[in-house]
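To be precise, the following lines are final.csv, and they hold CSV, C-alpha atoms.
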chain,number,residue,atom,x,y,z
W,117,MET,CA,-53.0,76.6,10.3
W,118,ALA,CA,-55.0,79.5,11.8
W,119,SER,CA,-54.5,80.7,15.3
W,120,ARG,CA,-55.1,83.7,17.6
W,121,ILE,CA,-53.0,85.1,20.4
W,122,LEU,CA,-54.3,83.8,23.7
W,123,GLU,CA,-51.8,85.4,26.1
W,124,PHE,CA,-50.0,88.6,25.4
W,125,PHE,CA,-47.2,89.9,27.8
W,126,GLY,CA,-48.5,87.4,30.3
W,127,TYR,CA,-52.2,88.4,30.3
W,128,GLY,CA,-55.2,87.2,28.3
W,129,SER,CA,-55.4,89.0,25.0
W,130,ASP,CA,-58.9,90.1,25.8
W,131,ASP,CA,-57.8,91.5,29.2
W,132,THR,CA,-58.2,95.3,29.3
W,133,SER,CA,-57.4,95.7,33.0
W,134,SER,CA,-54.8,98.3,34.1
W,135,ALA,CA,-52.2,95.6,34.8
W,136,ALA,CA,-52.6,94.0,31.4
W,137,VAL,CA,-52.5,97.4,29.6
W,138,ALA,CA,-49.5,98.5,31.6
W,139,ALA,CA,-47.6,95.3,30.7
W,140,ARG,CA,-48.3,95.9,27.0
W,141,ARG,CA,-47.3,99.5,27.1
W,142,LYS,CA,-44.0,98.7,28.9
W,143,LEU,CA,-43.4,95.6,26.7
W,144,GLU,CA,-42.9,93.8,30.0
W,145,CYS,CA,-42.7,90.0,30.6
W,146,PRO,CA,-44.3,89.3,34.0
W,147,PHE,CA,-42.4,86.0,34.3
W,148,LEU,CA,-39.1,87.8,34.1
W,149,GLY,CA,-40.1,91.1,35.6
W,150,SER,CA,-38.3,92.9,32.8
W,151,GLU,CA,-38.8,93.6,29.1
W,152,CYS,CA,-39.9,90.6,26.9
W,153,ILE,CA,-36.8,88.9,25.4
W,154,LYS,CA,-38.6,87.1,22.6
W,155,THR,CA,-38.2,89.2,19.6
W,156,LEU,CA,-39.6,89.5,16.1
W,157,ASN,CA,-37.5,89.9,12.9
W,158,ASP,CA,-37.2,93.6,13.5
W,159,ARG,CA,-36.0,93.0,17.1
W,160,ALA,CA,-39.2,94.3,18.6
W,161,PRO,CA,-40.4,92.4,21.7
W,162,SER,CA,-43.0,89.9,20.6
W,163,GLY,CA,-45.0,89.6,23.8
W,164,VAL,CA,-46.8,86.5,22.6
W,165,CYS,CA,-46.8,83.8,25.2
W,166,THR,CA,-49.4,81.4,24.0
W,167,LEU,CA,-51.4,80.9,20.8
W,168,VAL,CA,-54.8,79.0,20.5
W,169,SER,CA,-55.4,77.1,17.4
W,170,LYS,CA,-58.7,77.1,15.4
W,171,LYS,CA,-59.2,73.6,17.0
W,172,ASP,CA,-59.1,75.3,20.4
W,173,VAL,CA,-55.7,73.8,21.4
W,174,ASN,CA,-53.5,76.1,23.5
W,175,VAL,CA,-49.9,76.0,22.5
W,176,ILE,CA,-47.3,77.8,24.7
W,177,CYS,CA,-44.8,79.3,22.1
W,178,CYS,CA,-42.4,81.1,24.4
W,179,PRO,CA,-40.2,79.0,26.8
W,180,ILE,CA,-40.2,81.8,29.3
W,181,ARG,CA,-43.9,81.2,29.8
W,182,LEU,CA,-42.9,77.9,31.3
W,183,TYR,CA,-41.0,79.7,34.1
W,184,ASP,CA,-44.2,80.9,35.8
W,185,ASN,CA,-44.4,81.0,39.5
W,186,SER,CA,-40.7,81.8,40.0
W,187,TYR,CA,-39.5,78.8,38.0
W,188,GLN,CA,-41.9,76.3,39.5
W,189,VAL,CA,-40.9,73.8,36.8
W,190,LEU,CA,-37.4,73.6,38.3
W,191,ARG,CA,-38.8,72.9,41.7
W,192,ASP,CA,-41.1,70.2,40.2
W,193,VAL,CA,-38.0,68.6,38.6
W,194,ALA,CA,-36.0,68.9,41.8
W,195,VAL,CA,-38.7,67.2,43.9
W,196,LEU,CA,-38.8,64.3,41.4
W,197,GLY,CA,-35.1,63.9,41.3
W,198,PHE,CA,-34.1,64.6,44.9
W,199,GLY,CA,-37.2,64.4,47.1
W,200,LYS,CA,-39.6,66.9,48.5
W,201,ALA,CA,-37.3,68.7,50.9
W,202,VAL,CA,-35.2,70.8,48.5
W,203,ASP,CA,-34.0,74.4,48.5
W,204,LEU,CA,-32.8,75.9,45.2
W,205,TYR,CA,-30.0,78.4,45.1
W,206,PRO,CA,-28.1,80.1,42.2
W,207,GLY,CA,-25.1,77.8,41.5
W,208,ARG,CA,-22.3,80.1,42.7
W,209,ASP,CA,-24.1,80.9,45.9
W,210,ALA,CA,-25.3,77.4,46.9
W,211,LYS,CA,-22.2,76.3,48.7
W,212,SER,CA,-22.2,79.3,51.0
W,213,MET,CA,-25.9,78.9,52.0
W,214,PRO,CA,-26.7,77.5,55.4
W,215,VAL,CA,-27.4,73.8,55.8
W,216,VAL,CA,-31.0,73.2,56.8
W,217,PRO,CA,-31.3,69.8,58.6
W,218,GLY,CA,-33.4,67.3,56.5
W,219,ARG,CA,-33.3,69.5,53.4
W,220,SER,CA,-31.1,69.3,50.3
W,221,ARG,CA,-29.2,72.3,49.0
W,222,ILE,CA,-29.6,72.3,45.2
W,223,ALA,CA,-27.2,74.4,43.1
W,224,VAL,CA,-28.9,75.7,40.0
W,225,PHE,CA,-26.9,76.5,36.9
W,226,GLY,CA,-28.8,78.2,34.0
W,227,LYS,CA,-29.7,81.6,32.6
W,228,ARG,CA,-30.3,84.3,35.3
W,229,TRP,CA,-29.2,81.7,38.0
W,230,GLY,CA,-25.6,80.4,37.9
W,231,GLY,CA,-24.9,80.5,34.2
W,232,GLU,CA,-25.2,77.7,31.7
W,233,LEU,CA,-22.7,74.8,31.7
W,234,ALA,CA,-21.4,73.6,28.4
W,235,LEU,CA,-21.3,70.0,27.2
W,236,PRO,CA,-18.5,69.0,24.9
W,237,ASN,CA,-19.3,68.8,21.2
W,238,ARG,CA,-18.6,65.8,19.0
W,239,THR,CA,-15.8,67.8,17.4
W,240,THR,CA,-12.8,69.7,18.8
W,241,SER,CA,-14.6,73.1,18.7
W,242,GLY,CA,-18.0,74.4,19.9
W,243,SER,CA,-20.2,73.2,22.8
W,244,TYR,CA,-23.6,71.9,23.5
W,245,TYR,CA,-25.6,73.4,26.3
W,246,VAL,CA,-28.4,72.0,28.5
W,247,ASP,CA,-30.7,74.7,29.8
W,248,TRP,CA,-30.3,73.8,33.4
W,249,ILE,CA,-28.2,71.7,35.7
W,250,LEU,CA,-29.5,71.0,39.2
W,251,ALA,CA,-26.7,69.8,41.5
W,252,ARG,CA,-27.2,68.4,45.0
W,253,LEU,CA,-24.6,69.3,47.6
W,254,ASP,CA,-23.9,67.3,50.7
W,255,GLU,CA,-23.6,68.8,54.2
W,256,LEU,CA,-20.0,69.8,53.6
W,257,GLY,CA,-20.8,71.5,50.3
W,258,ASN,CA,-19.4,68.7,48.1
W,259,LEU,CA,-21.1,67.6,44.9
W,260,GLU,CA,-23.3,64.6,45.6
W,261,ASP,CA,-25.2,64.1,42.3
W,262,PHE,CA,-26.9,66.1,39.6
W,263,LEU,CA,-29.5,66.0,36.9
W,264,ALA,CA,-30.0,68.0,33.7
W,265,VAL,CA,-33.1,69.9,32.4
W,266,GLU,CA,-34.1,71.0,28.9
W,267,VAL,CA,-37.0,73.4,28.5
W,268,GLN,CA,-38.6,73.8,25.0
W,269,SER,CA,-41.7,75.4,23.7
W,270,ILE,CA,-42.3,75.4,19.9
W,271,ASP,CA,-41.4,77.8,17.1
W,272,THR,CA,-44.1,79.3,14.9
W,273,THR,CA,-44.7,79.5,11.2
W,274,GLY,CA,-46.6,82.2,9.4
W,275,ASN,CA,-47.2,85.3,11.5
W,276,TYR,CA,-49.4,87.0,14.0
W,277,ARG,CA,-48.3,90.5,13.4
W,278,ASP,CA,-51.7,92.0,12.6
W,279,HIS,CA,-53.2,90.5,15.7
W,280,ARG,CA,-50.2,91.6,17.8
W,281,GLN,CA,-50.4,95.1,16.4
W,282,SER,CA,-54.1,95.4,17.2
W,283,LEU,CA,-53.3,94.5,20.8
W,284,ILE,CA,-50.5,97.1,20.9
W,285,ASP,CA,-52.8,99.7,19.4
W,286,GLU,CA,-55.8,98.6,21.6
W,287,THR,CA,-58.0,98.1,18.5
W,288,GLU,CA,-60.3,95.3,17.5
W,289,PHE,CA,-59.0,92.3,15.5
W,290,SER,CA,-61.4,90.0,13.6
W,291,GLY,CA,-60.6,86.7,12.0
W,292,TRP,CA,-57.5,84.6,12.5
W,293,ALA,CA,-53.8,85.0,12.3
W,294,THR,CA,-51.8,82.8,9.9
W,295,ALA,CA,-49.4,81.7,12.6
W,296,GLY,CA,-49.0,77.9,12.9
W,297,PHE,CA,-46.5,75.6,14.6
W,298,ASN,CA,-43.2,74.2,13.3
W,299,TRP,CA,-43.8,70.6,14.3
W,300,GLU,CA,-41.0,69.5,12.0
W,301,ASN,CA,-38.6,70.7,14.7
W,302,VAL,CA,-39.6,67.8,16.8
W,303,SER,CA,-37.9,65.5,14.4
W,304,LYS,CA,-35.2,67.8,13.1
W,305,ARG,CA,-34.0,69.5,16.3
W,306,ILE,CA,-35.7,68.4,19.6
W,307,LEU,CA,-35.4,64.6,19.4
W,308,PRO,CA,-31.8,64.5,18.0
W,309,GLN,CA,-30.7,66.9,20.8
W,310,LEU,CA,-32.4,64.7,23.4
W,311,ILE,CA,-30.7,61.6,22.1
W,312,TYR,CA,-27.3,63.2,21.9
W,313,LYS,CA,-27.4,64.9,25.3
W,314,GLY,CA,-29.0,61.9,26.9
W,315,ASN,CA,-26.1,59.7,25.7
W,316,VAL,CA,-23.5,62.2,26.9
W,317,LEU,CA,-25.2,62.4,30.4
W,318,GLN,CA,-25.5,58.7,30.6
W,319,ARG,CA,-21.6,58.6,30.8
W,320,GLU,CA,-21.6,60.9,33.8
W,321,ARG,CA,-20.9,59.1,37.0
W,322,LEU,CA,-22.9,61.5,39.2
W,323,CYS,CA,-25.8,62.1,36.8
W,324,THR,CA,-27.9,59.3,38.4
W,325,LYS,CA,-31.4,60.6,37.5
W,326,GLY,CA,-30.7,61.4,33.8
W,327,LEU,CA,-32.2,64.2,31.7
W,328,PHE,CA,-35.6,65.9,32.2
W,329,PHE,CA,-37.5,67.5,29.3
W,330,VAL,CA,-40.1,70.2,30.1
W,331,SER,CA,-42.5,71.3,27.3
W,332,PRO,CA,-46.0,72.4,26.5
W,333,LYS,CA,-48.5,69.5,26.4
W,334,PRO,CA,-48.9,69.6,22.5
W,335,VAL,CA,-45.2,69.3,22.1
W,336,TYR,CA,-45.0,66.2,24.3
W,337,GLU,CA,-48.0,64.8,22.3
W,338,LYS,CA,-46.2,65.4,19.0
W,339,ILE,CA,-43.1,63.6,20.4
W,340,GLN,CA,-45.1,60.6,21.3
W,341,GLU,CA,-46.8,60.7,17.9
W,342,ARG,CA,-43.5,60.9,16.1
W,343,LEU,CA,-42.1,58.0,18.2
W,344,GLY,CA,-45.2,55.9,17.6
W,345,GLY,CA,-46.2,55.6,21.2
W,346,THR,CA,-43.8,52.7,21.6
W,347,MET,CA,-41.5,53.8,24.4
W,348,LEU,CA,-41.5,51.7,27.6
W,349,SER,CA,-41.7,53.3,31.0
W,350,TYR,CA,-38.6,53.2,33.3
W,351,HIS,CA,-37.7,54.4,36.8
W,352,LEU,CA,-35.3,57.3,37.2
W,353,GLN,CA,-31.8,56.0,36.6
W,354,THR,CA,-28.6,56.8,34.7
W,355,GLY,CA,-29.6,57.3,31.1
W,356,SER,CA,-33.3,58.0,31.8
W,357,VAL,CA,-35.2,60.8,30.1
W,358,THR,CA,-38.2,62.2,32.0
W,359,PHE,CA,-40.9,64.2,30.2
W,360,LEU,CA,-42.9,66.8,32.1
W,361,TRP,CA,-45.6,68.6,30.1
W,362,TYR,CA,-47.6,71.7,31.0
W,363,ASP,CA,-50.6,73.7,29.8
W,364,VAL,CA,-52.0,77.1,30.8
W,365,GLY,CA,-55.0,76.9,33.1
W,366,ASN,CA,-58.6,78.1,32.6
W,367,ALA,CA,-59.5,81.7,32.1
W,368,VAL,CA,-59.1,84.0,35.1
W,369,PRO,CA,-60.6,87.3,36.1
W,370,PRO,CA,-59.1,90.5,34.4
W,371,GLY,CA,-55.8,91.6,35.9
W,372,ASN,CA,-54.7,88.0,36.6
W,373,ILE,CA,-52.5,85.5,34.8
W,374,ARG,CA,-53.6,82.0,34.1
W,375,PRO,CA,-51.7,79.4,36.2
W,376,LEU,CA,-49.3,77.0,34.6
W,377,VAL,CA,-50.6,73.5,35.2
W,378,HIS,CA,-48.4,70.4,35.3
W,379,MET,CA,-50.4,67.9,33.1
W,380,GLY,CA,-48.2,64.8,33.4
W,381,THR,CA,-44.9,63.0,33.7
W,382,PHE,CA,-43.4,60.0,31.8
W,383,THR,CA,-40.0,58.5,32.3
W,384,THR,CA,-38.3,56.3,29.6
W,385,ASN,CA,-34.6,56.1,28.6
W,386,VAL,CA,-32.4,57.4,25.8
W,387,THR,CA,-32.1,54.0,24.1
W,388,GLN,CA,-35.9,53.7,23.9
W,389,ILE,CA,-36.1,57.2,22.3
W,390,ALA,CA,-33.3,56.5,19.8
W,391,THR,CA,-34.8,53.1,18.8
W,392,ALA,CA,-38.2,54.6,18.3
W,393,PHE,CA,-36.9,57.6,16.4
W,394,THR,CA,-35.1,55.4,13.8
W,395,SER,CA,-37.5,52.5,13.9
W,396,PRO,CA,-38.6,51.3,10.4
W,397,THR,CA,-42.0,50.4,11.8
W,398,ASN,CA,-42.8,54.0,12.4
W,399,LEU,CA,-43.3,54.8,8.7
W,400,PRO,CA,-46.2,56.1,6.5
W,401,GLU,CA,-48.3,53.7,4.4
W,402,PRO,CA,-46.7,52.2,1.3
W,403,ASN,CA,-46.8,54.2,-2.0
W,404,VAL,CA,-47.5,57.6,-0.5
W,405,TYR,CA,-45.1,59.3,-3.0
W,406,GLU,CA,-46.8,57.5,-5.9
W,407,GLU,CA,-50.2,58.7,-4.7
W,408,ALA,CA,-49.0,62.2,-4.3
W,409,ILE,CA,-47.6,62.3,-7.9
W,410,LEU,CA,-50.8,60.9,-9.3
W,411,ARG,CA,-52.9,63.5,-7.4
W,412,VAL,CA,-50.9,66.3,-9.0
W,413,LEU,CA,-51.0,64.7,-12.5
Could you express the structure from this file as structure tokens?
Amino acid sequence: MASRILEFFGYGSDDTSSAAVAARRKLECPFLGSECIKTLNDRAPSGVCTLVSKKDVNVICCPIRLYDNSYQVLRDVAVLGFGKAVDLYPGRDAKSMPVVPGRSRIAVFGKRWGGELALPNRTTSGSYYVDWILARLDELGNLEDFLAVEVQSIDTTGNYRDHRQSLIDETEFSGWATAGFNWENVSKRILPQLIYKGNVLQRERLCTKGLFFVSPKPVYEKIQERLGGTMLSYHLQTGSVTFLWYDVGNAVPPGNIRPLVHMGTFTTNVTQIATAFTSPTNLPEPNVYEEAILRVL
């Protein structure tokens, strides 16, 4: 699959404004306000936020890109789970924050907030982590209920090194990069983790709104495609899994960053996902291996 870099260190790859050039020279991620933490094999900061395929599909390939507007996705999830009147605080600080009448204090546990919280593994060693835990506190600071959030983009195959280097060097790049998208991870990694974590959280007495999964729009579409589009819709409840999918907005004037746009929400439950994932009805046509052998012969 061919692609091009659409967003580089937050700005459009064709943006030559002083702000965009400064971000590239400092290797700075504008969503973190510090050096880009997505690295290449040689440990150099990648800087690539979003690729656009030859079919003109934007694919966010760095999860940090999904934290635009000071972690807007967490506020979106908190509003869905706890209502509109929410205030988010780093987990260790939330209990000491003042109570605002009519508003919920939400303790946030995750990287650069209150630290990630581990889930027990199937075995006696090791741990699973969810990216975020949002915990609602009552007026006295006691834990009322909580929900979990996973944030995933997509890994790439091939490479975009030549295009990236041309942007660093401020030179022209013609053609397309060879970078594509590792959609196999939907089946190999993303869905198995959702099923496992969803089942663990379903046993939590206070996890009454389930697991939320935030991803780029094409990742959600691949999940639906892999599951055959057979999942039923449910209300938020223990054991529910809610998908929120996002895309980058339209082009903006130089020196600005495209907005992150919430494209949709869908709630099902972990049983629906597990059933669809293992369903024998979601199979290719008969004799596909025979036809592949004959084509080669």
Kindly provide the residues of region 346-413 of chain W that approach region 181-190 of chain W to within 9 Å, each paired with its closest atom pair and their distance in Å to one decimal, based on only C-alpha atoms, listed by chain and increasing number, as a Markdown table.
| residue | atom | partner | partner_atom | distance |
| --- | --- | --- | --- | --- |
| W:Leu360 | CA | W:Val189 | CA | 8.7 |
| W:Tyr362 | CA | W:Leu182 | CA | 7.8 |
| W:Asp363 | CA | W:Leu182 | CA | 8.9 |
| W:Pro375 | CA | W:Asp184 | CA | 7.7 |
| W:Leu376 | CA | W:Asp184 | CA | 6.5 |
| W:His378 | CA | W:Val189 | CA | 8.4 |
Inset, instruction - Within 10 Å of Glu320 (chain W), counting only C-alpha atoms, which residues show up once you throw out same-chain ones fewer than 3 positions away? Write them as a PyMOL selection string, please. - result: chain W and resi 261-263+315-317+323-324+326+354-355
Could the residues in this selection be written to a file with C-alpha atoms, as a short mmCIF file (atom, residue, chain, number, x, y, z; two decimals), keeping the file's coordinate frame?
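The resulting file, again28.cif, is reproduced below:
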data_model
loop_
_atom_site.label_atom_id
_atom_site.label_comp_id
_atom_site.auth_asym_id
_atom_site.auth_seq_id
_atom_site.Cartn_x
_atom_site.Cartn_y
_atom_site.Cartn_z
CA ASP W 261 -25.20 64.10 42.30
CA PHE W 262 -26.90 66.10 39.60
CA LEU W 263 -29.50 66.00 36.90
CA ASN W 315 -26.10 59.70 25.70
CA VAL W 316 -23.50 62.20 26.90
CA LEU W 317 -25.20 62.40 30.40
CA CYS W 323 -25.80 62.10 36.80
CA THR W 324 -27.90 59.30 38.40
CA GLY W 326 -30.70 61.40 33.80
CA THR W 354 -28.60 56.80 34.70
CA GLY W 355 -29.60 57.30 31.10
#
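The list of residues with at least one atom within 12 Å of Val215 (chain W), based on all atoms listed in the file and without residues fewer than 6 positions apart in the same chain, reads Val202, Asp203, Tyr205, Arg221, Ile222, Leu253, Asp254, Glu255, Leu256 and Gly257 of chain W.
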Generate the output file for the selected residues, C-alpha atoms, as a short mmCIF file (atom, residue, chain, number, x, y, z; two decimals), keeping the file's coordinate frame.
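Generated output (part_0.cif):
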data_model
loop_
_atom_site.label_atom_id
_atom_site.label_comp_id
_atom_site.auth_asym_id
_atom_site.auth_seq_id
_atom_site.Cartn_x
_atom_site.Cartn_y
_atom_site.Cartn_z
CA VAL W 202 -35.20 70.80 48.50
CA ASP W 203 -34.00 74.40 48.50
CA TYR W 205 -30.00 78.40 45.10
CA ARG W 221 -29.20 72.30 49.00
CA ILE W 222 -29.60 72.30 45.20
CA LEU W 253 -24.60 69.30 47.60
CA ASP W 254 -23.90 67.30 50.70
CA GLU W 255 -23.60 68.80 54.20
CA LEU W 256 -20.00 69.80 53.60
CA GLY W 257 -20.80 71.50 50.30
#
Inset, instruction - Using all atoms listed in the file, determine which residues lie at most 12 Å from region 348-352 of chain W, disregarding the query and same-chain residues fewer than 5 positions distant; provide the list as a list in words. - result: Val193, Leu196, Gly197, Phe198, Leu263, Gln318, Cys323, Thr324, Lys325, Gly326, Leu327, Phe328, Gln340, Leu343, Val357, Thr358, Phe359, Thr381, Phe382, Thr383, Thr384, Asn385, Val386, Thr387, Gln388, Ile389, Thr391 and Ala392 of chain W
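With CA of Val368 (chain W) on one side and CA of Ala293 (chain W) on the other, the separation reads 23.4 Å.
The space separating CA of Val302 (chain W) from CA of Ser119 (chain W) comes to 19.8 Å.
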Legend entry - Two-atom distance - CA of Pro146 (chain W), CA of Trp292 (chain W) (Å): 25.7 Å
Inset, instruction - Using only C-alpha atoms, find the one residue out of W:Ile270, W:Val195, W:Leu204, W:Val216 that sits nearest to Cys177 (chain W). - result: W:Ile270
Legend entry - Protein and nucleic acid residues near (-51.9, 97.1, 23.4) (cut-off 7 Å, all atoms listed in the file) as number ranges by chain: W: 137, 140-141, 282-286
File dump, residues just selected, C-alpha atoms, as a JSON list (two decimals), in the frame of the given file:
[["chain", "number", "residue", "atom", "x", "y", "z"],
["W", 137, "VAL", "CA", -52.50, 97.40, 29.60],
["W", 140, "ARG", "CA", -48.30, 95.90, 27.00],
["W", 141, "ARG", "CA", -47.30, 99.50, 27.10],
["W", 282, "SER", "CA", -54.10, 95.40, 17.20],
["W", 283, "LEU", "CA", -53.30, 94.50, 20.80],
["W", 284, "ILE", "CA", -50.50, 97.10, 20.90],
["W", 285, "ASP", "CA", -52.80, 99.70, 19.40],
["W", 286, "GLU", "CA", -55.80, 98.60, 21.60]]
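Minimum distance to Thr272 (chain W) across W:Trp299, W:Tyr127, W:Phe289, W:Trp248 (counting only C-alpha atoms) occurs at W:Trp299.
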Inset, instruction - Please provide as an MDAnalysis selection string all residues within 12 Å of Ile339 (chain W), with the sequence filter that same-chain residues fewer than 2 positions apart are discarded (counting all atoms listed in the file). - result: chainID W and resid 270 299:308 310 329 331:337 341:347 359 361 382 389 392:393
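For the residues W:Arg120, W:Pro217, W:Cys145, W:Asn174, ranking by smallest atom-to-atom distance to Ala367 (chain W) using only C-alpha atoms places W:Asn174 first.
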Inset, instruction - Would you mind telling me which residue in W:Ser212, W:Ala390, W:Val377, W:Leu413 lies nearest to Asn258 (chain W) when using all atoms listed in the file? - result: W:Ser212
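Comparing the minimum interatomic distances between Arg228 (chain W) and each of W:Leu322, W:Ile180, W:Leu122, W:Ala194, counting only C-alpha atoms, we find that W:Ile180 sits nearest.
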List the neighbours of region 154-161 of chain W out to 9 Å using all atoms listed in the file; skip same-chain residues closer than 6 positions along the sequence, and give me the result as a PDB file with C-alpha atoms, in the frame of the given file.
ATOM      1  CA  LEU W 143     -43.400  95.600  26.700  1.00  0.00           C
ATOM      2  CA  GLU W 144     -42.900  93.800  30.000  1.00  0.00           C
ATOM      3  CA  CYS W 178     -42.400  81.100  24.400  1.00  0.00           C
ATOM      4  CA  ILE W 180     -40.200  81.800  29.300  1.00  0.00           C
TER       5      ILE W 180
END
